$ cat run_2.txt   # compact mmCIF, C-alpha atoms
# COMPACT_ATOMS: atom_id res chain seq x y z
CA MET H 1 0.00 0.00 0.00
CA THR H 2 1.31 3.45 -0.96
CA ALA H 3 1.18 6.40 1.42
CA LYS H 4 -0.94 9.45 0.66
CA SER H 5 0.55 12.81 -0.23
CA VAL H 6 0.76 15.59 2.38
CA THR H 7 -0.09 19.23 1.70
CA ILE H 8 1.62 21.98 3.75
CA ALA H 9 0.97 25.67 2.98
CA GLY H 10 -0.45 24.71 -0.40
CA ARG H 11 2.52 22.56 -1.38
CA GLU H 12 1.96 18.87 -1.99
CA ILE H 13 4.68 16.40 -0.99
CA GLN H 14 4.39 12.97 -2.52
CA PRO H 15 5.24 9.61 -0.91
CA GLY H 16 9.00 9.02 -0.81
CA GLN H 17 9.82 12.73 -1.05
CA ARG H 18 11.61 15.10 1.33
CA ALA H 19 11.00 18.83 1.23
CA ARG H 20 11.35 22.04 3.20
CA VAL H 21 8.24 24.17 3.17
CA ASP H 22 8.55 27.80 4.27
CA ILE H 23 5.21 28.80 5.78
CA PRO H 24 4.68 32.59 5.50
CA LEU H 25 4.14 34.52 8.73
CA PRO H 26 3.42 38.23 9.38
CA ASN H 27 6.23 40.47 8.14
CA LEU H 28 8.54 42.45 10.39
CA TYR H 29 7.83 46.18 10.68
CA THR H 30 10.65 46.69 8.16
CA THR H 31 8.44 44.72 5.71
CA THR H 32 11.03 41.91 5.82
CA PRO H 33 9.26 38.61 5.09
CA VAL H 34 9.21 35.98 7.87
CA PHE H 35 8.78 32.25 7.35
CA MET H 36 8.43 29.22 9.59
CA PRO H 37 10.41 26.36 7.95
CA VAL H 38 8.83 22.90 8.14
CA HIS H 39 10.83 19.84 7.07
CA VAL H 40 8.60 17.14 5.61
CA VAL H 41 9.87 13.57 5.29
CA GLN H 42 7.41 11.31 3.52
CA GLY H 43 7.73 7.54 3.67
CA ARG H 44 6.75 5.47 0.66
CA LYS H 45 4.39 3.39 2.78
CA PRO H 46 1.66 4.59 5.15
CA GLY H 47 2.19 4.98 8.87
CA PRO H 48 1.80 7.50 11.69
CA ARG H 49 2.14 11.23 11.14
CA LEU H 50 4.47 12.64 13.78
CA PHE H 51 5.22 16.33 14.31
CA VAL H 52 8.32 17.42 16.24
CA THR H 53 8.51 21.08 17.28
CA ALA H 54 11.28 23.14 18.85
CA SER H 55 11.79 26.76 19.91
CA VAL H 56 8.16 27.42 20.78
CA HIS H 57 10.04 29.61 23.23
CA GLY H 58 12.52 31.44 21.03
CA ASP H 59 15.53 31.14 23.33
CA GLU H 60 15.26 27.34 23.73
CA ILE H 61 17.75 26.20 21.12
CA ASN H 62 18.65 22.63 22.13
CA GLY H 63 15.69 21.37 20.11
CA VAL H 64 17.04 23.04 16.98
CA GLU H 65 20.14 20.86 17.13
CA ILE H 66 18.11 17.77 18.06
CA ILE H 67 15.96 18.19 14.94
CA ARG H 68 19.03 18.83 12.77
CA ARG H 69 20.53 15.51 13.85
CA LEU H 70 17.16 13.78 13.51
CA LEU H 71 16.77 14.90 9.89
CA MET H 72 20.20 13.48 9.05
CA HIS H 73 19.65 10.15 10.78
CA LYS H 74 19.99 7.13 8.48
CA SER H 75 16.83 5.47 9.78
CA LEU H 76 14.67 8.03 7.96
CA SER H 77 15.57 6.40 4.65
CA ARG H 78 13.14 3.60 5.55
CA LEU H 79 10.47 5.77 7.14
CA LEU H 80 6.89 4.59 7.36
CA GLY H 81 4.39 7.44 7.48
CA THR H 82 5.21 11.15 7.72
CA LEU H 83 7.59 13.22 9.83
CA LEU H 84 6.93 16.96 10.17
CA ALA H 85 9.88 18.68 11.87
CA VAL H 86 9.71 22.36 12.83
CA PRO H 87 13.11 23.39 14.26
CA VAL H 88 12.05 26.99 15.00
CA VAL H 89 8.39 27.70 15.70
CA ASN H 90 8.80 31.11 17.35
CA VAL H 91 10.94 32.67 14.64
CA TYR H 92 10.43 36.16 16.06
CA GLY H 93 11.78 35.23 19.49
CA TYR H 94 14.57 33.12 17.98
CA VAL H 95 16.12 36.00 16.02
CA ARG H 96 15.87 38.24 19.11
CA GLN H 97 17.26 35.51 21.42
CA SER H 98 14.11 35.96 23.48
CA ARG H 99 11.68 33.52 25.06
CA TYR H 100 8.77 35.71 24.01
CA LEU H 101 7.32 37.34 20.95
CA PRO H 102 8.01 41.05 20.28
CA ASP H 103 4.79 41.99 22.11
CA ARG H 104 6.02 40.01 25.20
CA ARG H 105 3.38 37.31 24.78
CA ASP H 106 4.25 33.70 25.56
CA LEU H 107 3.45 31.59 22.50
CA ASN H 108 2.99 28.51 24.70
CA ARG H 109 0.05 30.18 26.43
CA SER H 110 -1.58 31.30 23.16
CA PHE H 111 -2.94 28.07 21.65
CA PRO H 112 -5.14 27.32 19.75
CA GLY H 113 -4.75 30.87 18.52
CA SER H 114 -6.74 32.86 16.01
CA GLU H 115 -6.17 34.08 12.46
CA LYS H 116 -7.42 37.54 13.52
CA GLY H 117 -5.84 37.75 16.98
CA SER H 118 -2.48 38.95 18.29
CA LEU H 119 0.81 38.01 16.66
CA ALA H 120 1.11 35.10 19.10
CA ALA H 121 -2.44 33.96 18.32
CA ARG H 122 -1.81 34.09 14.57
CA LEU H 123 1.45 32.14 14.87
CA ALA H 124 -0.25 29.55 17.08
CA ALA H 125 -3.14 29.18 14.65
CA THR H 126 -0.73 28.72 11.73
CA LEU H 127 1.14 25.93 13.51
CA ILE H 128 -2.10 24.18 14.42
CA SER H 129 -3.65 24.37 10.94
CA GLU H 130 -0.53 23.50 8.94
CA VAL H 131 1.33 21.04 11.18
CA VAL H 132 -0.64 19.75 14.16
CA GLU H 133 -4.00 19.17 12.48
CA GLY H 134 -4.06 15.71 10.93
CA SER H 135 -1.09 14.41 12.94
CA THR H 136 -1.35 11.23 14.97
CA HIS H 137 1.43 11.99 17.48
CA GLY H 138 3.55 14.94 18.61
CA ILE H 139 6.79 15.73 20.47
CA ASP H 140 7.47 19.26 21.71
CA LEU H 141 11.10 20.05 22.63
CA HIS H 142 11.90 22.52 25.42
CA THR H 143 14.71 23.56 27.76
CA GLY H 144 14.84 25.35 31.06
CA ALA H 145 14.44 29.12 31.06
CA ILE H 146 17.46 31.41 30.92
CA HIS H 147 19.86 30.68 33.82
CA ARG H 148 17.87 27.52 34.65
CA GLU H 149 18.98 24.04 33.69
CA ASN H 150 16.74 20.97 33.43
CA LEU H 151 17.66 17.32 33.64
CA PRO H 152 16.39 15.42 30.56
CA GLN H 153 12.81 14.52 31.40
CA ILE H 154 9.42 13.89 29.86
CA ARG H 155 6.43 15.86 31.12
CA VAL H 156 3.11 14.28 30.34
CA THR H 157 -0.34 13.57 31.72
CA LEU H 158 -0.20 9.79 31.87
CA ASN H 159 -3.94 9.23 32.12
CA ALA H 160 -4.67 11.45 29.11
CA SER H 161 -4.90 8.37 26.86
CA ASP H 162 -4.15 4.65 26.88
CA ASP H 163 -1.15 5.24 24.61
CA MET H 164 0.53 7.82 26.81
CA PRO H 165 2.41 5.61 29.31
CA GLY H 166 3.95 3.53 26.53
CA LEU H 167 4.98 6.60 24.53
CA ALA H 168 6.52 8.27 27.59
CA LYS H 169 8.51 5.16 28.48
CA ALA H 170 9.66 4.73 24.86
CA PHE H 171 11.43 8.11 25.11
CA GLU H 172 13.59 6.53 27.83
CA THR H 173 14.46 9.57 29.89
CA PRO H 174 15.33 8.59 33.48
CA VAL H 175 12.46 10.73 34.80
CA ILE H 176 8.84 11.02 33.70
CA LEU H 177 7.01 13.84 35.44
CA ASP H 178 3.26 13.22 35.53
CA ALA H 179 2.22 16.86 35.21
CA GLU H 180 -1.06 18.65 34.69
CA ILE H 181 -1.69 20.33 31.34
CA ARG H 182 -1.37 24.11 31.32
CA PRO H 183 -4.17 25.98 29.52
CA GLY H 184 -3.11 27.65 26.29
CA SER H 185 -0.11 25.38 25.74
CA LEU H 186 0.61 23.34 22.63
CA ARG H 187 0.29 20.24 24.79
CA ALA H 188 -3.22 21.30 25.85
CA GLU H 189 -4.34 21.92 22.29
CA ALA H 190 -2.95 18.60 21.06
CA ALA H 191 -4.72 16.82 23.92
CA ALA H 192 -7.97 18.58 23.02
CA ARG H 193 -7.61 17.09 19.53
CA ASP H 194 -6.86 13.62 20.95
CA ILE H 195 -3.29 13.75 19.64
CA PRO H 196 -0.85 12.08 22.09
CA ILE H 197 2.02 14.51 22.69
CA LEU H 198 5.17 14.34 24.79
CA LEU H 199 6.90 17.41 26.17
CA TYR H 200 10.67 16.95 26.46
CA GLU H 201 12.72 19.17 28.77
CA GLY H 202 16.51 19.21 28.83
CA GLY H 203 19.28 21.76 29.24
CA GLU H 204 19.19 25.55 29.52
CA ALA H 205 18.01 28.39 27.29
CA LEU H 206 20.54 29.88 24.85
CA ARG H 207 23.00 27.03 25.48
CA PHE H 208 23.74 23.79 23.67
CA ASP H 209 23.92 20.88 26.09
CA GLU H 210 25.37 17.76 24.44
CA PHE H 211 23.90 15.43 27.05
CA ALA H 212 20.41 16.91 26.61
CA VAL H 213 20.75 16.90 22.80
CA ARG H 214 21.76 13.23 22.75
CA ALA H 215 18.95 12.35 25.15
CA GLY H 216 16.42 14.18 22.99
CA LEU H 217 17.53 12.54 19.76
CA ARG H 218 17.61 9.11 21.34
CA GLY H 219 14.15 9.69 22.77
CA ILE H 220 12.55 10.75 19.49
CA LEU H 221 14.02 7.73 17.70
CA GLY H 222 12.76 5.50 20.52
CA VAL H 223 9.23 6.88 20.12
CA MET H 224 9.39 6.47 16.33
CA ARG H 225 10.38 2.83 16.80
CA HIS H 226 7.60 2.36 19.34
CA ILE H 227 4.88 3.61 16.97
CA GLY H 228 6.28 1.73 13.98
CA MET H 229 7.75 4.57 11.91
CA ILE H 230 11.32 3.24 11.82
CA ARG H 231 13.15 0.02 12.55
CA SER H 232 16.29 -0.41 14.62
CA THR H 233 19.47 -0.24 12.56
CA ALA H 234 21.88 -1.10 15.37
CA PRO H 235 21.65 -2.39 18.95
CA ARG H 236 20.88 0.38 21.42
CA ARG H 237 22.87 0.52 24.61
CA ALA H 238 20.36 -0.61 27.24
CA ILE H 239 19.43 1.71 30.10
CA GLY H 240 18.77 -1.21 32.42
CA HIS H 241 15.47 -0.09 34.01
CA GLU H 242 12.23 1.49 32.95
CA PRO H 243 12.02 5.26 33.54
CA LEU H 244 10.67 6.20 36.95
CA VAL H 245 7.48 8.22 37.25
CA ALA H 246 7.34 11.21 39.60
CA ARG H 247 3.80 11.98 40.66
CA SER H 248 4.79 15.27 42.26
CA SER H 249 7.59 17.81 42.35
CA VAL H 250 8.52 20.83 44.43
CA TRP H 251 10.56 23.98 43.91
CA VAL H 252 12.89 24.94 46.75
CA ARG H 253 12.91 28.73 47.03
CA ALA H 254 15.34 31.18 48.54
CA ASN H 255 14.46 32.26 52.07
CA GLN H 256 16.48 35.46 51.61
CA SER H 257 18.34 37.44 48.98
CA GLY H 258 22.06 37.04 48.45
CA ILE H 259 24.61 34.89 46.65
CA LEU H 260 23.95 31.17 46.21
CA LEU H 261 26.87 28.81 46.65
CA SER H 262 25.35 25.68 45.12
CA LEU H 263 26.49 22.34 46.54
CA THR H 264 24.14 20.04 44.62
CA PRO H 265 24.49 19.09 40.94
CA LEU H 266 21.68 18.34 38.53
CA GLY H 267 20.52 14.73 38.85
CA ALA H 268 21.69 14.34 42.44
CA HIS H 269 19.74 12.24 44.94
CA VAL H 270 18.97 14.23 48.08
CA ASN H 271 17.33 13.33 51.36
CA LYS H 272 14.96 15.47 53.35
CA GLY H 273 17.00 17.92 55.39
CA ASP H 274 20.11 17.79 53.18
CA THR H 275 21.90 21.07 52.49
CA LEU H 276 21.46 21.91 48.81
CA GLY H 277 23.44 25.15 48.90
CA ILE H 278 24.47 28.11 51.01
CA ILE H 279 23.13 31.67 50.75
CA THR H 280 25.67 34.32 51.70
CA ASP H 281 26.55 37.88 50.71
CA PRO H 282 29.59 40.20 50.90
CA PHE H 283 28.12 42.36 53.69
CA ARG H 284 27.66 39.96 56.60
CA PRO H 285 29.53 36.94 57.97
CA VAL H 286 26.45 34.68 58.23
CA ASP H 287 25.81 31.72 55.92
CA ASP H 288 22.26 30.38 55.64
CA PRO H 289 21.77 26.83 54.36
CA VAL H 290 19.16 25.90 51.76
CA LEU H 291 17.61 22.67 53.03
CA SER H 292 15.74 20.09 51.02
CA PRO H 293 12.10 19.81 52.22
CA VAL H 294 11.71 16.32 50.68
CA SER H 295 13.71 13.34 49.47
CA GLY H 296 14.05 13.22 45.70
CA ILE H 297 16.11 13.89 42.58
CA VAL H 298 17.24 17.34 41.42
CA ILE H 299 15.61 17.72 37.97
CA GLY H 300 16.13 21.46 37.66
CA ARG H 301 18.19 24.21 39.22
CA THR H 302 19.26 27.81 38.79
CA ASN H 303 22.70 28.51 37.35
CA LEU H 304 22.72 32.17 38.42
CA PRO H 305 24.28 32.73 41.87
CA LEU H 306 22.71 36.19 42.34
CA ILE H 307 19.33 35.49 43.87
CA THR H 308 16.37 37.29 45.39
CA GLU H 309 14.19 36.11 48.26
CA GLY H 310 11.46 33.79 46.97
CA GLU H 311 13.40 32.84 43.83
CA ALA H 312 13.20 29.20 42.69
CA LEU H 313 16.57 27.51 43.25
CA TYR H 314 16.12 23.73 42.93
CA HIS H 315 13.37 21.62 41.36
CA LEU H 316 12.99 18.25 43.08
CA ALA H 317 11.05 15.28 41.72
CA CYS H 318 9.60 12.99 44.37
CA PHE H 319 9.79 9.20 44.06
CA GLY H 320 9.00 6.29 46.33
CA LYS H 321 12.67 5.27 46.20
CA PRO H 322 14.80 8.22 45.04
CA GLU H 323 17.99 6.20 45.41
CA THR H 324 16.72 3.86 42.66
CA ALA H 325 16.16 6.87 40.42
CA ALA H 326 19.71 8.05 41.11
CA ALA H 327 21.12 4.66 40.09
CA LEU H 328 19.04 4.73 36.91
CA LEU H 329 20.36 8.18 36.08
CA GLU H 330 23.96 6.94 36.29
CA GLN H 331 23.14 4.11 33.87
CA TYR H 332 21.44 6.62 31.60
CA ARG H 333 24.52 8.85 31.53
CA ASP H 334 26.67 5.84 30.66
CA ALA H 335 24.32 4.93 27.79
CA LEU H 336 24.74 8.44 26.35
CA ASP H 337 28.50 8.53 26.74
CA PRO H 338 30.16 10.58 23.93
CA ASP H 339 31.98 7.43 22.79
CA ASP H 340 28.62 6.00 21.70
CA GLU H 341 28.07 7.47 18.25
CA GLU H 342 24.94 5.51 17.27
CA ASP H 343 22.56 8.47 17.35
CA THR H 344 25.00 11.32 16.74
CA VAL H 345 25.42 13.22 13.48
CA ILE H 346 27.84 16.16 13.46
CA ILE H 347 28.84 18.13 10.37
$ encode --input "run_2.txt" --output "structure tokens"
Amino acid sequence: MTAKSVTIAGREIQPGQRARVDIPLPNLYTTTPVFMPVHVVQGRKPGPRLFVTASVHGDEINGVEIIRRLLMHKSLSRLLGTLLAVPVVNVYGYVRQSRYLPDRRDLNRSFPGSEKGSLAARLAATLISEVVEGSTHGIDLHTGAIHRENLPQIRVTLNASDDMPGLAKAFETPVILDAEIRPGSLRAEAAARDIPILLYEGGEALRFDEFAVRAGLRGILGVMRHIGMIRSTAPRRAIGHEPLVARSSVWVRANQSGILLSLTPLGAHVNKGDTLGIITDPFRPVDDPVLSPVSGIVIGRTNLPLITEGEALYHLACFGKPETAAALLEQYRDALDPDDEEDTVII
């Protein structure tokens, strides 16, 4: 059976073809044209239609590199179905190195959007109509905000559909955070259309993180294998355990302003009462410890030492046995060692 053609922005892509379609967006105020590039990879035979998006927040660039490596991966030569890859959704924020659009709106709170609304609403509506609509699955790539770093993790609502637990586990991050859907997000809109979607977090804004990039690429390929779009071309280095699901998480906030001397790396296992860092300042000889309120794994943290009272410092995921999660994370890091070139493409 031959696959059907796919039409994006009025352009038809036939089975077996690869194309880049530049979807027109509102011009800049200089009248400079703006486009959202969409890479379309069409298999010769039918299968799922997967969209992969990055830079919904314009300063989150790890996903751009993940998609670049994905598009060059040899397994796509035997693709079943259709891959729609959008390396930069928020083009306006991307060129300004900003999380937001020029009007300071957050694109990931603007879905489903409107053709007659704000710039964010129009961009959201374009992505939905041209890419999301008609897809069977989705993966949205994110990083931490500026000066905040996230451990590779999947955020998903596991009871959203019967397929969701299997998809989340197929991504093979060490941590799955069972998180509620935020209104106005791409994840919320996909869920409203009964499209299973995974949100991947890894790394920091405006920085390439090789570990997070490798984890993201590996995860996407794992999901594509799981839903039958590609076949394995080489043995994957086993993680050793299924990812662990965190049903809750907590942010540890600064109890005063000052300078944070962080003592706890990303991915560390901490016990309730452990000292995560020290808050000090140049004007007094007193050091105040930042204590962990729970036992868990550090899945996010600030990288900026200059902090204000109430600021989020460490993000902890809570597990029944956090020491098991810590052991899994070590195995995961070994599986993504730079000497393992299976999923890496660098030019």
$ residues_around --input "run_2.txt" --residues "Pro165 (chain H)" --least-positions-apart "4" --cutoff "10 Å" --atoms "only C-alpha atoms" --output "MDAnalysis selection string"
chainID H and resid 156:161 169:170 176 178 245
$ closest_residue --input "run_2.txt" --among "H:Leu123, H:Val223, H:Met229, H:Leu76" --to "Pro26 (chain H)" --atoms "only C-alpha atoms"
H:Leu123
$ closest_residue --input "run_2.txt" --among "H:Val52, H:Leu276, H:Leu107, H:Leu28" --to "Pro183 (chain H)" --atoms "only C-alpha atoms"
H:Leu107
$ atom_distance --input "run_2.txt" --atom1 "CA of Leu83 (chain H)" --atom2 "CA of Val38 (chain H)"
9.9 Å
$ closest_residue --input "run_2.txt" --among "H:Pro152, H:Pro174, H:Pro33, H:Gly219" --to "Ile67 (chain H)" --atoms "all atoms listed in the file"
H:Gly219
$ closest_residue --input "run_2.txt" --among "H:Gly47, H:Pro102, H:Gly63, H:Gly228" --to "Val213 (chain H)" --atoms "all atoms listed in the file"
H:Gly63
$ residues_near_point --input "run_2.txt" --point "(-0.2, 11.2, 11.7)" --cutoff "8 Å" --atoms "all atoms listed in the file" --output "ChimeraX atom specification"
/H:47-51,81-82,134-137
$ atom_distance --input "run_2.txt" --atom1 "CA of Pro87 (chain H)" --atom2 "CA of His57 (chain H)"
11.3 Å
$ residues_near_point --input "run_2.txt" --point "(22.4, 18.3, 41.4)" --cutoff "10 Å" --atoms "only C-alpha atoms" --output "VMD selection string"
chain H and resid 151 262 to 270 276 297 to 301 314 to 316
$ atom_distance --input "run_2.txt" --atom1 "CA of Pro15 (chain H)" --atom2 "CA of Val41 (chain H)"
8.7 Å
$ residues_around --input "run_2.txt" --residues "Ile279 (chain H)" --least-positions-apart "4" --cutoff "8 Å" --atoms "only C-alpha atoms" --output "list in words"
Gln256, Ser257, Gly258, Ile259, Leu260, Leu261, Asp287, Asp288, Pro289 and Val290 of chain H
$ write_last_selection --input "run_2.txt" --atoms "C-alpha atoms" --output "PDB file, in the coordinates of the input"
ATOM      1  CA  GLN H 256      16.480  35.460  51.610  1.00  0.00           C
ATOM      2  CA  SER H 257      18.340  37.440  48.980  1.00  0.00           C
ATOM      3  CA  GLY H 258      22.060  37.040  48.450  1.00  0.00           C
ATOM      4  CA  ILE H 259      24.610  34.890  46.650  1.00  0.00           C
ATOM      5  CA  LEU H 260      23.950  31.170  46.210  1.00  0.00           C
ATOM      6  CA  LEU H 261      26.870  28.810  46.650  1.00  0.00           C
ATOM      7  CA  ASP H 287      25.810  31.720  55.920  1.00  0.00           C
ATOM      8  CA  ASP H 288      22.260  30.380  55.640  1.00  0.00           C
ATOM      9  CA  PRO H 289      21.770  26.830  54.360  1.00  0.00           C
ATOM     10  CA  VAL H 290      19.160  25.900  51.760  1.00  0.00           C
TER      11      VAL H 290
END
$ closest_residue --input "run_2.txt" --among "H:Ala246, H:Leu71, H:Ala124, H:Ile181" --to "Ala317 (chain H)" --atoms "all atoms listed in the file"
H:Ala246
$ closest_residue --input "run_2.txt" --among "H:Met164, H:Ser292, H:Tyr92, H:Leu70" --to "Asn27 (chain H)" --atoms "only C-alpha atoms"
H:Tyr92
$ decode --input "run_2.txt" --residues "region 70-106 of chain H" --atoms "C-alpha atoms" --output "JSON list (two decimals), in the first residue's frame"
[["chain", "number", "residue", "atom", "x", "y", "z"],
["H", 70, "LEU", "CA", 17.16, 13.78, 13.51],
["H", 71, "LEU", "CA", 16.77, 14.90, 9.89],
["H", 72, "MET", "CA", 20.20, 13.48, 9.05],
["H", 73, "HIS", "CA", 19.65, 10.15, 10.78],
["H", 74, "LYS", "CA", 19.99, 7.13, 8.48],
["H", 75, "SER", "CA", 16.83, 5.47, 9.78],
["H", 76, "LEU", "CA", 14.67, 8.03, 7.96],
["H", 77, "SER", "CA", 15.57, 6.40, 4.65],
["H", 78, "ARG", "CA", 13.14, 3.60, 5.55],
["H", 79, "LEU", "CA", 10.47, 5.77, 7.14],
["H", 80, "LEU", "CA", 6.89, 4.59, 7.36],
["H", 81, "GLY", "CA", 4.39, 7.44, 7.48],
["H", 82, "THR", "CA", 5.21, 11.15, 7.72],
["H", 83, "LEU", "CA", 7.59, 13.22, 9.83],
["H", 84, "LEU", "CA", 6.93, 16.96, 10.17],
["H", 85, "ALA", "CA", 9.88, 18.68, 11.87],
["H", 86, "VAL", "CA", 9.71, 22.36, 12.83],
["H", 87, "PRO", "CA", 13.11, 23.39, 14.26],
["H", 88, "VAL", "CA", 12.05, 26.99, 15.00],
["H", 89, "VAL", "CA", 8.39, 27.70, 15.70],
["H", 90, "ASN", "CA", 8.80, 31.11, 17.35],
["H", 91, "VAL", "CA", 10.94, 32.67, 14.64],
["H", 92, "TYR", "CA", 10.43, 36.16, 16.06],
["H", 93, "GLY", "CA", 11.78, 35.23, 19.49],
["H", 94, "TYR", "CA", 14.57, 33.12, 17.98],
["H", 95, "VAL", "CA", 16.12, 36.00, 16.02],
["H", 96, "ARG", "CA", 15.87, 38.24, 19.11],
["H", 97, "GLN", "CA", 17.26, 35.51, 21.42],
["H", 98, "SER", "CA", 14.11, 35.96, 23.48],
["H", 99, "ARG", "CA", 11.68, 33.52, 25.06],
["H", 100, "TYR", "CA", 8.77, 35.71, 24.01],
["H", 101, "LEU", "CA", 7.32, 37.34, 20.95],
["H", 102, "PRO", "CA", 8.01, 41.05, 20.28],
["H", 103, "ASP", "CA", 4.79, 41.99, 22.11],
["H", 104, "ARG", "CA", 6.02, 40.01, 25.20],
["H", 105, "ARG", "CA", 3.38, 37.31, 24.78],
["H", 106, "ASP", "CA", 4.25, 33.70, 25.56]]
